[in-house]
file structure-v4.csv (CSV, C-alpha atoms and all ligand atoms)
chain,number,residue,atom,x,y,z
O,5,MET,CA,-17.4,-25.5,37.5
O,6,LYS,CA,-15.0,-23.1,35.9
O,7,ASN,CA,-16.0,-22.0,32.5
O,8,TYR,CA,-14.0,-20.2,29.8
O,9,ARG,CA,-15.5,-18.3,26.9
O,10,ILE,CA,-13.5,-18.9,23.7
O,11,ALA,CA,-14.0,-17.0,20.5
O,12,LEU,CA,-13.7,-19.5,17.6
O,13,LEU,CA,-12.5,-18.0,14.3
O,14,PRO,CA,-12.2,-20.8,11.8
O,15,GLY,CA,-11.5,-18.4,9.0
O,16,ASP,CA,-10.9,-19.8,5.5
O,17,GLY,CA,-9.9,-23.0,3.7
O,18,ILE,CA,-8.5,-25.7,5.9
O,19,GLY,CA,-8.9,-23.2,8.8
O,20,SER,CA,-12.4,-24.4,9.4
O,21,GLU,CA,-11.4,-28.1,8.8
O,22,VAL,CA,-8.7,-28.1,11.5
O,23,MET,CA,-10.9,-26.1,13.9
O,24,GLU,CA,-13.9,-28.3,13.6
O,25,ALA,CA,-11.6,-31.3,14.2
O,26,ALA,CA,-9.7,-29.8,17.1
O,27,TRP,CA,-12.5,-28.1,19.1
O,28,PRO,CA,-14.2,-31.3,20.2
O,29,VAL,CA,-10.9,-32.6,21.4
O,30,LEU,CA,-10.3,-29.6,23.6
O,31,GLN,CA,-13.8,-29.9,25.0
O,32,THR,CA,-13.1,-33.5,26.0
O,33,VAL,CA,-9.9,-32.5,27.7
O,34,ALA,CA,-11.7,-29.8,29.6
O,35,GLU,CA,-14.5,-32.2,30.7
O,36,ARG,CA,-11.9,-34.7,31.9
O,37,GLN,CA,-10.1,-32.0,33.9
O,38,GLY,CA,-13.2,-30.6,35.5
O,39,PHE,CA,-13.8,-27.3,33.7
O,40,SER,CA,-15.8,-26.2,30.6
O,41,LEU,CA,-15.1,-24.4,27.4
O,42,GLU,CA,-17.9,-22.4,25.8
O,43,GLY,CA,-17.2,-21.6,22.2
O,44,ASP,CA,-18.7,-18.8,20.1
O,45,TRP,CA,-18.2,-19.5,16.4
O,46,LEU,CA,-17.5,-16.2,14.6
O,47,PRO,CA,-17.8,-16.4,10.8
O,48,TRP,CA,-15.3,-13.7,10.0
O,49,SER,CA,-13.5,-14.8,6.8
O,50,CYS,CA,-13.2,-14.1,3.1
O,51,ASP,CA,-16.8,-15.4,2.7
O,52,TYR,CA,-17.9,-12.9,5.3
O,53,TYR,CA,-16.1,-10.2,3.2
O,54,LEU,CA,-17.9,-11.2,0.0
O,55,LYS,CA,-21.2,-10.7,1.9
O,56,HIS,CA,-20.5,-7.7,4.0
O,57,GLY,CA,-17.5,-5.9,2.3
O,58,THR,CA,-15.4,-6.2,5.5
O,59,MET,CA,-13.5,-9.1,7.0
O,60,MET,CA,-15.2,-8.6,10.4
O,61,PRO,CA,-17.7,-6.1,11.9
O,62,ALA,CA,-16.4,-2.6,12.7
O,63,ASP,CA,-16.4,-3.4,16.4
O,64,GLY,CA,-14.9,-6.9,15.9
O,65,VAL,CA,-11.8,-6.3,18.0
O,66,GLU,CA,-13.9,-4.8,20.8
O,67,GLN,CA,-16.2,-7.9,20.7
O,68,LEU,CA,-13.1,-10.1,21.1
O,69,ARG,CA,-12.1,-8.4,24.3
O,70,ALA,CA,-15.0,-10.0,26.1
O,71,PHE,CA,-13.6,-13.5,25.6
O,72,ASP,CA,-11.0,-15.4,27.7
O,73,ALA,CA,-9.1,-16.5,24.6
O,74,ILE,CA,-9.3,-16.6,20.8
O,75,TYR,CA,-8.8,-19.8,18.9
O,76,LEU,CA,-8.2,-19.2,15.2
O,77,GLY,CA,-7.8,-21.5,12.2
O,78,ALA,CA,-6.4,-19.6,9.2
O,79,VAL,CA,-7.2,-16.6,7.1
O,80,GLY,CA,-6.9,-16.0,3.4
O,81,LEU,CA,-8.5,-17.2,0.1
O,82,PRO,CA,-6.6,-15.3,-2.5
O,83,ALA,CA,-8.8,-16.5,-5.3
O,84,THR,CA,-11.7,-14.4,-3.8
O,85,VAL,CA,-10.1,-11.6,-1.7
O,86,PRO,CA,-6.6,-10.3,-2.1
O,87,ASP,CA,-4.3,-11.5,0.7
O,88,HIS,CA,-3.2,-8.0,1.7
O,89,VAL,CA,-6.9,-7.1,2.3
O,90,SER,CA,-8.0,-10.3,4.1
O,91,LEU,CA,-4.9,-10.6,6.3
O,92,ARG,CA,-4.6,-6.9,7.1
O,93,GLU,CA,-8.2,-6.6,8.0
O,94,LEU,CA,-8.6,-9.7,10.1
O,95,LEU,CA,-5.5,-11.5,11.4
O,96,LEU,CA,-3.1,-8.6,11.6
O,97,ALA,CA,-5.9,-6.3,12.8
O,98,ILE,CA,-6.6,-8.5,15.8
O,99,ARG,CA,-2.8,-8.9,16.6
O,100,GLN,CA,-2.4,-5.1,16.4
O,101,GLY,CA,-5.8,-4.2,17.8
O,102,LEU,CA,-5.4,-6.2,21.0
O,103,ASP,CA,-1.7,-5.3,21.1
O,104,LEU,CA,-0.6,-9.0,21.1
O,105,SER,CA,3.0,-8.0,21.0
O,106,VAL,CA,4.5,-11.4,21.4
O,107,ASN,CA,4.1,-14.4,19.1
O,108,ALA,CA,5.6,-17.5,20.7
O,109,ARG,CA,6.2,-20.5,18.4
O,110,PRO,CA,7.7,-23.7,19.8
O,111,HIS,CA,9.7,-26.0,17.5
O,112,ARG,CA,10.6,-29.5,18.5
O,113,LEU,CA,10.0,-33.0,17.1
O,114,LEU,CA,7.0,-34.7,18.7
O,115,ALA,CA,7.5,-38.3,19.7
O,116,GLY,CA,8.0,-40.6,16.8
O,117,VAL,CA,8.0,-37.8,14.2
O,118,LYS,CA,11.0,-37.9,11.8
O,119,GLY,CA,12.0,-34.4,10.6
O,120,PRO,CA,13.9,-33.8,7.3
O,121,LEU,CA,17.2,-33.1,9.0
O,122,ARG,CA,20.2,-35.5,9.0
O,123,THR,CA,21.1,-34.6,12.5
O,124,ASP,CA,19.3,-36.7,15.2
O,125,ARG,CA,20.4,-34.5,18.0
O,126,PRO,CA,17.1,-33.3,19.7
O,127,PHE,CA,16.3,-29.7,19.4
O,128,ASP,CA,13.8,-27.5,21.3
O,129,ILE,CA,13.5,-24.0,20.1
O,130,LEU,CA,11.1,-21.3,21.2
O,131,CYS,CA,10.9,-18.5,18.7
O,132,ILE,CA,9.6,-15.3,20.1
O,133,ARG,CA,8.5,-13.1,17.3
O,134,GLU,CA,7.7,-9.4,17.6
O,135,ASN,CA,4.1,-9.3,16.6
O,136,THR,CA,2.7,-5.8,16.2
O,137,GLU,CA,5.2,-3.5,14.6
O,138,GLY,CA,8.6,-3.7,12.7
O,139,GLU,CA,8.2,-4.6,9.1
O,140,TYR,CA,4.5,-5.1,9.5
O,141,ALA,CA,3.8,-1.7,11.0
O,142,GLY,CA,1.9,-0.8,7.9
O,143,ALA,CA,2.4,3.0,8.5
O,144,GLY,CA,3.3,5.5,5.9
O,145,GLY,CA,3.9,3.2,3.0
O,146,ARG,CA,2.6,3.8,-0.5
O,147,VAL,CA,3.3,3.4,-4.2
O,148,HIS,CA,4.2,6.8,-5.7
O,149,ARG,CA,2.8,6.4,-9.2
O,150,GLY,CA,4.5,8.0,-12.2
O,151,GLY,CA,5.8,5.9,-15.1
O,152,GLU,CA,9.5,5.2,-14.9
O,153,LEU,CA,9.8,7.0,-11.6
O,154,GLU,CA,7.4,4.8,-9.8
O,155,VAL,CA,8.5,3.9,-6.4
O,156,ALA,CA,7.0,1.8,-3.6
O,157,VAL,CA,7.8,2.7,0.0
O,158,GLU,CA,7.2,0.4,3.0
O,159,THR,CA,8.1,1.7,6.4
O,160,ALA,CA,9.3,-0.5,9.2
O,161,ILE,CA,8.8,0.9,12.7
O,162,PHE,CA,10.7,-0.2,15.8
O,163,THR,CA,9.7,1.6,19.0
O,164,ARG,CA,11.8,1.4,22.1
O,165,ALA,CA,8.8,0.1,24.0
O,166,GLY,CA,8.0,-2.5,21.3
O,167,VAL,CA,11.5,-3.9,21.1
O,168,GLU,CA,12.0,-3.8,24.8
O,169,ARG,CA,8.9,-5.8,25.7
O,170,VAL,CA,9.5,-8.6,23.2
O,171,LEU,CA,13.1,-8.9,24.3
O,172,ARG,CA,12.1,-8.9,27.9
O,173,HIS,CA,9.6,-11.6,27.3
O,174,GLY,CA,12.3,-13.6,25.5
O,175,PHE,CA,14.7,-13.2,28.5
O,176,GLU,CA,12.0,-14.3,30.9
O,177,GLN,CA,11.3,-17.4,28.8
O,178,ALA,CA,15.1,-18.2,28.5
O,179,ARG,CA,15.3,-18.1,32.3
O,180,LEU,CA,12.5,-20.7,32.5
O,181,ARG,CA,14.2,-22.9,29.8
O,182,GLY,CA,17.8,-23.5,28.9
O,183,GLY,CA,19.1,-20.0,29.8
O,184,LYS,CA,20.2,-19.1,26.3
O,185,LEU,CA,18.8,-16.3,24.1
O,186,ALA,CA,19.6,-15.6,20.4
O,187,SER,CA,18.8,-12.1,19.3
O,188,VAL,CA,18.3,-11.9,15.6
O,189,THR,CA,19.0,-8.8,13.4
O,190,LYS,CA,20.4,-7.7,10.1
O,191,SER,CA,22.4,-5.0,11.7
O,192,ASN,CA,25.2,-5.3,9.1
O,193,ALA,CA,22.9,-3.9,6.5
O,194,GLN,CA,20.0,-2.2,8.3
O,195,ARG,CA,21.9,0.5,10.1
O,196,HIS,CA,19.0,2.2,12.0
O,197,SER,CA,16.4,-0.3,13.2
O,198,MET,CA,18.7,-3.3,13.6
O,199,VAL,CA,21.5,-1.4,15.3
O,200,PHE,CA,18.8,0.0,17.6
O,201,TRP,CA,17.6,-3.6,18.3
O,202,ASP,CA,21.2,-4.6,19.2
O,203,GLU,CA,21.4,-1.7,21.6
O,204,MET,CA,18.1,-2.7,23.2
O,205,THR,CA,19.4,-6.3,23.5
O,206,ASP,CA,22.4,-5.1,25.4
O,207,ARG,CA,20.3,-2.9,27.7
O,208,VAL,CA,17.7,-5.6,28.5
O,209,ALA,CA,20.5,-8.2,28.9
O,210,ALA,CA,22.0,-6.2,31.7
O,211,ASP,CA,18.9,-7.2,33.8
O,212,TYR,CA,19.4,-10.9,33.0
O,213,PRO,CA,23.1,-11.7,33.8
O,214,ASP,CA,22.1,-15.3,34.2
O,215,VAL,CA,21.0,-15.6,30.5
O,216,ALA,CA,23.7,-16.2,27.8
O,217,VAL,CA,23.0,-13.9,24.9
O,218,THR,CA,24.3,-14.5,21.3
O,219,ARG,CA,23.6,-12.1,18.4
O,220,TYR,CA,23.0,-13.6,15.1
O,221,HIS,CA,22.3,-12.2,11.7
O,222,VAL,CA,19.1,-13.5,10.3
O,223,ASP,CA,20.8,-15.2,7.3
O,224,ALA,CA,23.3,-17.0,9.6
O,225,ILE,CA,20.7,-18.2,12.1
O,226,ALA,CA,18.4,-19.4,9.2
O,227,ALA,CA,21.3,-21.8,8.2
O,228,ARG,CA,22.0,-22.7,11.8
O,229,MET,CA,18.4,-23.8,12.4
O,230,ILE,CA,19.1,-26.4,9.8
O,231,THR,CA,22.6,-27.4,10.5
O,232,HIS,CA,22.8,-27.1,14.3
O,233,PRO,CA,19.3,-26.5,15.7
O,234,GLU,CA,20.2,-28.1,19.0
O,235,THR,CA,22.5,-25.1,19.8
O,236,LEU,CA,19.4,-22.8,19.9
O,237,ASP,CA,17.0,-22.2,22.8
O,238,VAL,CA,15.0,-19.0,22.8
O,239,VAL,CA,15.2,-17.0,19.5
O,240,VAL,CA,13.9,-13.4,19.5
O,241,ALA,CA,13.3,-11.8,16.2
O,242,SER,CA,11.4,-9.0,14.5
O,243,ASN,CA,8.0,-9.5,12.9
O,244,LEU,CA,9.2,-10.4,9.4
O,245,PHE,CA,12.3,-12.2,10.3
O,246,GLY,CA,10.3,-14.2,12.9
O,247,ASP,CA,7.7,-15.1,10.3
O,248,ILE,CA,10.4,-16.6,8.0
O,249,LEU,CA,12.4,-18.3,10.8
O,250,THR,CA,9.2,-20.0,12.1
O,251,ASP,CA,8.4,-21.5,8.8
O,252,ILE,CA,11.9,-23.0,8.9
O,253,GLY,CA,11.2,-24.1,12.4
O,254,ALA,CA,8.0,-25.7,11.2
O,255,ALA,CA,9.9,-27.4,8.4
O,256,ILE,CA,12.5,-29.0,10.7
O,257,GLN,CA,9.8,-30.2,13.1
O,258,GLY,CA,8.1,-32.2,10.3
O,259,GLY,CA,6.2,-29.5,8.4
O,260,LEU,CA,3.6,-26.8,8.7
O,261,GLY,CA,1.0,-29.2,9.9
O,262,PHE,CA,2.8,-29.3,13.3
O,263,ALA,CA,3.8,-25.7,14.1
O,264,ALA,CA,1.7,-23.9,16.7
O,265,SER,CA,1.6,-20.3,17.9
O,266,ALA,CA,0.5,-18.2,20.8
O,267,ASN,CA,-0.2,-14.5,20.3
O,268,ILE,CA,-0.1,-12.8,23.6
O,269,ASN,CA,0.1,-9.5,25.4
O,270,PRO,CA,2.6,-10.0,28.2
O,271,ALA,CA,1.0,-7.1,30.1
O,272,GLY,CA,-2.3,-9.1,30.3
O,273,GLY,CA,-5.8,-7.6,30.3
O,274,VAL,CA,-6.7,-8.9,26.9
O,275,PRO,CA,-7.4,-12.4,25.5
O,276,GLY,CA,-4.5,-14.2,23.8
O,277,MET,CA,-5.0,-15.6,20.3
O,278,PHE,CA,-3.9,-19.2,19.6
O,279,GLU,CA,-3.5,-20.5,16.0
O,280,PRO,CA,-1.5,-22.9,13.8
O,281,VAL,CA,1.4,-21.2,12.0
O,282,HIS,CA,0.2,-22.5,8.7
O,283,GLY,CA,-2.3,-20.8,6.4
O,284,SER,CA,-5.6,-21.8,4.7
O,285,ALA,CA,-3.8,-24.2,2.3
O,286,PRO,CA,-6.2,-23.7,-0.7
O,287,ASP,CA,-4.3,-26.5,-2.5
O,288,ILE,CA,-5.7,-29.2,-0.1
O,289,MET,CA,-8.9,-27.6,1.2
O,290,GLY,CA,-12.0,-29.7,1.3
O,291,LEU,CA,-10.1,-32.9,0.9
O,292,GLY,CA,-9.7,-34.0,4.6
O,293,LEU,CA,-6.0,-34.0,4.2
O,294,ALA,CA,-5.1,-31.2,6.6
O,295,ASN,CA,-3.0,-32.1,9.6
O,296,PRO,CA,-4.9,-30.9,12.8
O,297,LEU,CA,-1.9,-31.3,15.1
O,298,ALA,CA,-0.7,-27.7,14.8
O,299,THR,CA,-4.2,-26.5,15.8
O,300,LEU,CA,-4.4,-29.0,18.7
O,301,TRP,CA,-0.9,-28.0,19.9
O,302,ALA,CA,-2.1,-24.3,19.7
O,303,GLY,CA,-5.1,-25.5,21.8
O,304,ALA,CA,-2.6,-26.8,24.4
O,305,LEU,CA,-0.8,-23.4,24.4
O,306,MET,CA,-4.2,-21.8,25.0
O,307,LEU,CA,-5.1,-24.1,27.9
O,308,ARG,CA,-1.7,-23.4,29.4
O,309,HIS,CA,-2.1,-19.7,29.0
O,310,LEU,CA,-5.5,-19.9,30.7
O,311,GLY,CA,-3.7,-21.6,33.7
O,312,GLU,CA,-5.1,-25.1,32.9
O,313,ILE,CA,-1.6,-26.6,33.0
O,314,ALA,CA,-2.8,-30.2,33.7
O,315,ALA,CA,-5.2,-30.0,30.8
O,316,ALA,CA,-2.4,-28.6,28.5
O,317,GLU,CA,-0.1,-31.4,29.5
O,318,ALA,CA,-2.8,-34.1,29.1
O,319,LEU,CA,-3.5,-32.9,25.6
O,320,MET,CA,0.2,-32.8,24.6
O,321,ALA,CA,0.7,-36.3,26.1
O,322,ALA,CA,-2.3,-37.6,24.0
O,323,ILE,CA,-1.0,-36.0,20.8
O,324,GLU,CA,2.5,-37.6,21.4
O,325,LYS,CA,0.9,-40.9,22.2
O,326,VAL,CA,-0.6,-40.9,18.8
O,327,THR,CA,2.4,-39.6,16.9
O,328,ALA,CA,4.6,-42.2,18.6
O,329,THR,CA,2.5,-44.9,16.9
O,330,GLY,CA,3.3,-43.5,13.4
O,331,ALA,CA,-0.3,-42.8,12.7
O,332,GLY,CA,-1.0,-39.5,10.9
O,333,THR,CA,-2.3,-37.5,8.0
O,334,PRO,CA,-0.7,-37.8,4.5
O,335,ASP,CA,1.8,-35.0,5.2
O,336,MET,CA,3.1,-37.2,8.1
O,337,GLY,CA,3.3,-40.2,5.8
O,338,GLY,CA,0.1,-41.7,7.2
O,339,ASP,CA,-3.4,-42.3,5.8
O,340,LEU,CA,-5.7,-40.8,8.4
O,341,SER,CA,-8.1,-37.9,7.5
O,342,THR,CA,-8.1,-34.7,9.5
O,343,THR,CA,-11.1,-35.8,11.7
O,344,GLN,CA,-9.7,-39.4,12.1
O,345,LEU,CA,-6.4,-38.0,13.5
O,346,ALA,CA,-8.2,-35.7,15.9
O,347,ALA,CA,-10.4,-38.6,17.0
O,348,ALA,CA,-7.3,-40.7,17.6
O,349,VAL,CA,-6.0,-37.9,19.9
O,350,THR,CA,-9.4,-38.0,21.8
O,351,ALA,CA,-9.1,-41.7,22.1
O,352,ALA,CA,-5.6,-41.3,23.6
O,353,LEU,CA,-6.7,-38.9,26.2
D,401,LIG,P1,-0.1,-22.4,3.7
D,401,LIG,O1,0.6,-22.5,5.1
D,401,LIG,O2,-1.5,-22.2,3.7
D,401,LIG,O3,0.4,-23.6,2.8
D,401,LIG,C1,1.7,-23.9,2.5
D,401,LIG,C2,1.8,-25.4,2.1
D,401,LIG,O4,1.7,-26.2,3.3
D,401,LIG,C3,0.7,-25.9,1.2
D,401,LIG,O5,1.3,-26.8,0.3
D,401,LIG,C4,-0.2,-26.6,2.2
D,401,LIG,O6,-1.0,-27.6,1.6
D,401,LIG,C5,0.7,-27.1,3.3
D,401,LIG,N1,0.0,-27.1,4.6
D,401,LIG,C6,-0.3,-26.0,5.3
D,401,LIG,N2,-1.0,-26.4,6.4
D,401,LIG,C7,-1.1,-27.8,6.4
D,401,LIG,C8,-1.7,-28.7,7.2
D,401,LIG,N3,-2.3,-28.4,8.4
D,401,LIG,N4,-1.6,-30.0,6.9
D,401,LIG,C9,-1.0,-30.4,5.7
D,401,LIG,N5,-0.5,-29.5,4.9
D,401,LIG,C10,-0.5,-28.2,5.2
D,401,LIG,O7,0.7,-21.1,3.0
D,401,LIG,P2,0.3,-20.4,1.6
D,401,LIG,O8,0.0,-21.4,0.6
D,401,LIG,O9,1.5,-19.4,1.4
D,401,LIG,O10,-0.9,-19.5,2.0
D,401,LIG,C11,-2.3,-19.8,1.7
D,401,LIG,C12,-3.2,-18.7,2.2
D,401,LIG,O11,-3.1,-18.7,3.7
D,401,LIG,C13,-2.9,-17.3,1.8
D,401,LIG,O12,-4.0,-16.6,1.7
D,401,LIG,C14,-2.0,-16.8,2.9
D,401,LIG,O13,-1.9,-15.4,3.0
D,401,LIG,C15,-2.7,-17.4,4.1
D,401,LIG,N6,-1.9,-17.6,5.3
D,401,LIG,C16,-2.6,-17.4,6.5
D,401,LIG,C17,-2.0,-17.6,7.7
D,401,LIG,C18,-2.8,-17.4,8.9
D,401,LIG,O14,-4.0,-17.2,8.9
D,401,LIG,N7,-2.1,-17.4,10.1
D,401,LIG,C19,-0.7,-18.1,7.7
D,401,LIG,C20,0.0,-18.3,6.5
D,401,LIG,C21,-0.7,-18.0,5.3
D,402,LIG,C1,1.8,-16.2,10.0
D,402,LIG,C2,1.4,-15.7,8.7
D,402,LIG,C3,1.0,-14.2,8.7
D,402,LIG,C4,2.2,-13.4,9.1
D,402,LIG,C5,0.5,-13.7,7.3
D,402,LIG,C6,-0.6,-14.6,6.8
D,402,LIG,C7,0.1,-12.3,7.3
D,402,LIG,O1,2.3,-16.0,7.7
D,402,LIG,O2,1.1,-16.0,11.0
D,402,LIG,O3,3.0,-16.6,10.2
D,402,LIG,O4,3.1,-13.1,8.3
D,402,LIG,O5,2.3,-13.1,10.3
D,403,MN,MN,4.0,-17.1,8.4

call {"tool": "encode", "arguments": {"input": "structure-v4.csv", "output": "structure tokens", "more": "lines below"}}
Ligand code: NAD
Ligand code: IPM
Ligand code: MN
result
Amino acid sequence: MKNYRIALLPGDGIGSEVMEAAWPVLQTVAERQGFSLEGDWLPWSCDYYLKHGTMMPADGVEQLRAFDAIYLGAVGLPATVPDHVSLRELLLAIRQGLDLSVNARPHRLLAGVKGPLRTDRPFDILCIRENTEGEYAGAGGRVHRGGELEVAVETAIFTRAGVERVLRHGFEQARLRGGKLASVTKSNAQRHSMVFWDEMTDRVAADYPDVAVTRYHVDAIAARMITHPETLDVVVASNLFGDILTDIGAAIQGGLGFAASANINPAGGVPGMFEPVHGSAPDIMGLGLANPLATLWAGALMLRHLGEIAAAEALMAAIEKVTATGAGTPDMGGDLSTTQLAAAVTAAL
């Protein structure tokens, strides 16, 4: 029987609640489809930091290379560890350390889910977010101290290879989907990086004459995602712009409790990391209120990436069988707990 080794990183806050609810569902899917998932729970988190002084062991990223995939809950507990420490040292360190250059985030309404938009035209957006450089490069920035002259510098880095690979992945996905690609910049204000991004879009587009490309400024596409989301297919954006647009994507699909993401290295050779888009939600932690569907959907993205297409489809079908009934956690207008909703998905398998 085929067996996959999965690194399980529950992280902080509701991260562990959604992971503990979702993991048994994935194991049931695997069992039914004739393969097995072997999970290693890794306690890397803010609690780990308080004990060890680091968010993960020094060779943490190297340890992760041995797995077939990484399944992550959420990181961050700002009451104990500053966010710029916990996120930089764990989540962003894994994305950058494994060179997971693409962060793919699907946005559509699951069966029966009513989003907040007035439009009832169905939308199906795949946001492809650059995931290792850009505004998150983290290089060269500092605060120059000195009274009234204090100045903070944060450097965004856009390499030709980095921009090209994320755009190329976007074009490949557009070919498999609706044949449309939106390239997002702010090239009317950012005259170096974003003009370079536009140039790279034109260069890569030349290899995909069958894909229709539209350039959008990030402000305009943010509005379009709300007024005309059905006009968008694949959306490719830089790290920070993609971060913001995918919270809008989450909002229009019913909330952060639904949005899933796949961090992958299109060149292969390293495990992908699959996680909900949301964070550790300290405001609801420990209450059983967290919606596990984003994490389950991320699990389906993981199964698909592992090549277990039938399992991924069975899991999505079970999720939608449940959402179609109107059952859900409080954020969905329902009264189920995190574990009850996950159990309903298992029952629907
Ligand atoms: P958040 O996503 O944790 O929460 C935003 C709001 O959405 C909160 O009101 C929360 O209750 C709600 N929410 C989020 N997930 C939900 C779910 N599954 N079900 C129901 N409601 C849900 O964002 P935040 O409050 O800005 O950040 C909290 C912490 O998480 C911070 O430390 C932040 O840095 C971190 N964070 C981590 C990740 C990650 O690990 N990928 C992502 C975003 C934020
Ligand atoms: C996300 C999160 C992270 C990001 C934070 C927590 C660093 O918001 O995965 O969307 O900005 O990438
Ligand atoms: Mn985000």

call {"tool": "residues_around", "arguments": {"input": "structure-v4.csv", "residues": "range 301-304 of chain O", "least_positions_apart": "6", "cutoff": "6 Å", "atoms": "only C-alpha atoms", "output": "PyMOL selection string"}}
result
chain O and resi 264-265+278-279+316

call {"tool": "write_last_selection", "arguments": {"input": "structure-v4.csv", "atoms": "C-alpha atoms", "output": "PDB file, in the frame of the given file"}}
result
ATOM      1  CA  ALA O 264       1.700 -23.900  16.700  1.00  0.00           C
ATOM      2  CA  SER O 265       1.600 -20.300  17.900  1.00  0.00           C
ATOM      3  CA  PHE O 278      -3.900 -19.200  19.600  1.00  0.00           C
ATOM      4  CA  GLU O 279      -3.500 -20.500  16.000  1.00  0.00           C
ATOM      5  CA  ALA O 316      -2.400 -28.600  28.500  1.00  0.00           C
TER       6      ALA O 316
END

call {"tool": "residues_near_ligand", "arguments": {"input": "structure-v4.csv", "ligand": "ligand LIG 402 (chain D)", "cutoff": "8 Å", "atoms": "only C-alpha atoms and all ligand atoms", "output": "ChimeraX atom specification"}}
result
/O:79-80,87-88,91-92,95-96,135,243-244,247-248,250-251,280-283

call {"tool": "closest_residue", "arguments": {"input": "structure-v4.csv", "among": "O:Gly253, O:Gly166, O:Gly145, O:Pro275", "to": "Ile74 in chain O", "atoms": "all atoms listed in the file"}}
result
O:Pro275

call {"tool": "closest_residue", "arguments": {"input": "structure-v4.csv", "among": "O:Ala318, O:Met306, O:Leu260, O:Val155", "to": "ligand MN 403 (chain D)", "atoms": "only C-alpha atoms and all ligand atoms"}}
result
O:Leu260

call {"tool": "residues_near_point", "arguments": {"input": "structure-v4.csv", "point": "(-8.9, -26.7, 22.7)", "cutoff": "7 Å", "atoms": "all atoms listed in the file", "output": "list in words"}}
result
Ala26, Trp27, Val29, Leu30, Gln31, Leu300, Gly303, Ala304 and Leu307 of chain O

call {"tool": "closest_residue", "arguments": {"input": "structure-v4.csv", "among": "O:Gly292, O:Pro28, O:Leu297, O:Ala160", "to": "Ser341 in chain O", "atoms": "only C-alpha atoms"}}
result
O:Gly292

call {"tool": "axis_aligned_box", "arguments": {"input": "structure-v4.csv", "around": "ligand LIG 401 (chain D)", "padding_each_side": "5 Å", "output": "AutoDock Vina command-line options"}}
result
--center_x -1.1 --center_y -22.9 --center_z 5.2 --size_x 15.8 --size_y 25.0 --size_z 19.8

call {"tool": "closest_residue", "arguments": {"input": "structure-v4.csv", "among": "O:Leu113, O:Ile268, O:Leu293, O:Ala255", "to": "ligand MN 403 (chain D)", "atoms": "all atoms listed in the file"}}
result
O:Ala255

call {"tool": "build_atoms", "arguments": {"input": "structure-v4.csv", "residues": "range 292-304 of chain O", "atoms": "N, CA and C atoms", "output": "mmCIF file, in the coordinates of the input"}}
result
data_model
loop_
_atom_site.group_PDB
_atom_site.id
_atom_site.type_symbol
_atom_site.label_atom_id
_atom_site.label_comp_id
_atom_site.auth_asym_id
_atom_site.auth_seq_id
_atom_site.Cartn_x
_atom_site.Cartn_y
_atom_site.Cartn_z
ATOM 1 N N GLY O 292 -9.966 -33.198 3.321
ATOM 2 C CA GLY O 292 -9.700 -34.000 4.600
ATOM 3 C C GLY O 292 -8.292 -34.343 4.762
ATOM 4 N N LEU O 293 -7.382 -33.640 4.078
ATOM 5 C CA LEU O 293 -6.000 -34.000 4.200
ATOM 6 C C LEU O 293 -5.210 -33.167 5.216
ATOM 7 N N ALA O 294 -5.848 -32.095 5.718
ATOM 8 C CA ALA O 294 -5.100 -31.200 6.600
ATOM 9 C C ALA O 294 -4.765 -31.822 7.929
ATOM 10 N N ASN O 295 -3.529 -31.599 8.348
ATOM 11 C CA ASN O 295 -3.000 -32.100 9.600
ATOM 12 C C ASN O 295 -3.595 -31.188 10.749
ATOM 13 N N PRO O 296 -4.351 -31.733 11.695
ATOM 14 C CA PRO O 296 -4.900 -30.900 12.800
ATOM 15 C C PRO O 296 -3.988 -30.719 13.959
ATOM 16 N N LEU O 297 -2.781 -31.321 13.923
ATOM 17 C CA LEU O 297 -1.900 -31.300 15.100
ATOM 18 C C LEU O 297 -1.445 -29.917 15.501
ATOM 19 N N ALA O 298 -1.136 -29.079 14.501
ATOM 20 C CA ALA O 298 -0.700 -27.700 14.800
ATOM 21 C C ALA O 298 -1.787 -26.971 15.582
ATOM 22 N N THR O 299 -3.026 -27.168 15.141
ATOM 23 C CA THR O 299 -4.200 -26.500 15.800
ATOM 24 C C THR O 299 -4.376 -27.074 17.194
ATOM 25 N N LEU O 300 -4.223 -28.395 17.331
ATOM 26 C CA LEU O 300 -4.400 -29.000 18.700
ATOM 27 C C LEU O 300 -3.247 -28.523 19.593
ATOM 28 N N TRP O 301 -2.041 -28.448 19.066
ATOM 29 C CA TRP O 301 -0.900 -28.000 19.900
ATOM 30 C C TRP O 301 -1.185 -26.506 20.291
ATOM 31 N N ALA O 302 -1.716 -25.708 19.353
ATOM 32 C CA ALA O 302 -2.100 -24.300 19.700
ATOM 33 C C ALA O 302 -3.152 -24.324 20.792
ATOM 34 N N GLY O 303 -4.040 -25.316 20.742
ATOM 35 C CA GLY O 303 -5.100 -25.500 21.800
ATOM 36 C C GLY O 303 -4.402 -25.720 23.144
ATOM 37 N N ALA O 304 -3.350 -26.525 23.135
ATOM 38 C CA ALA O 304 -2.600 -26.800 24.400
ATOM 39 C C ALA O 304 -1.954 -25.517 24.894
#
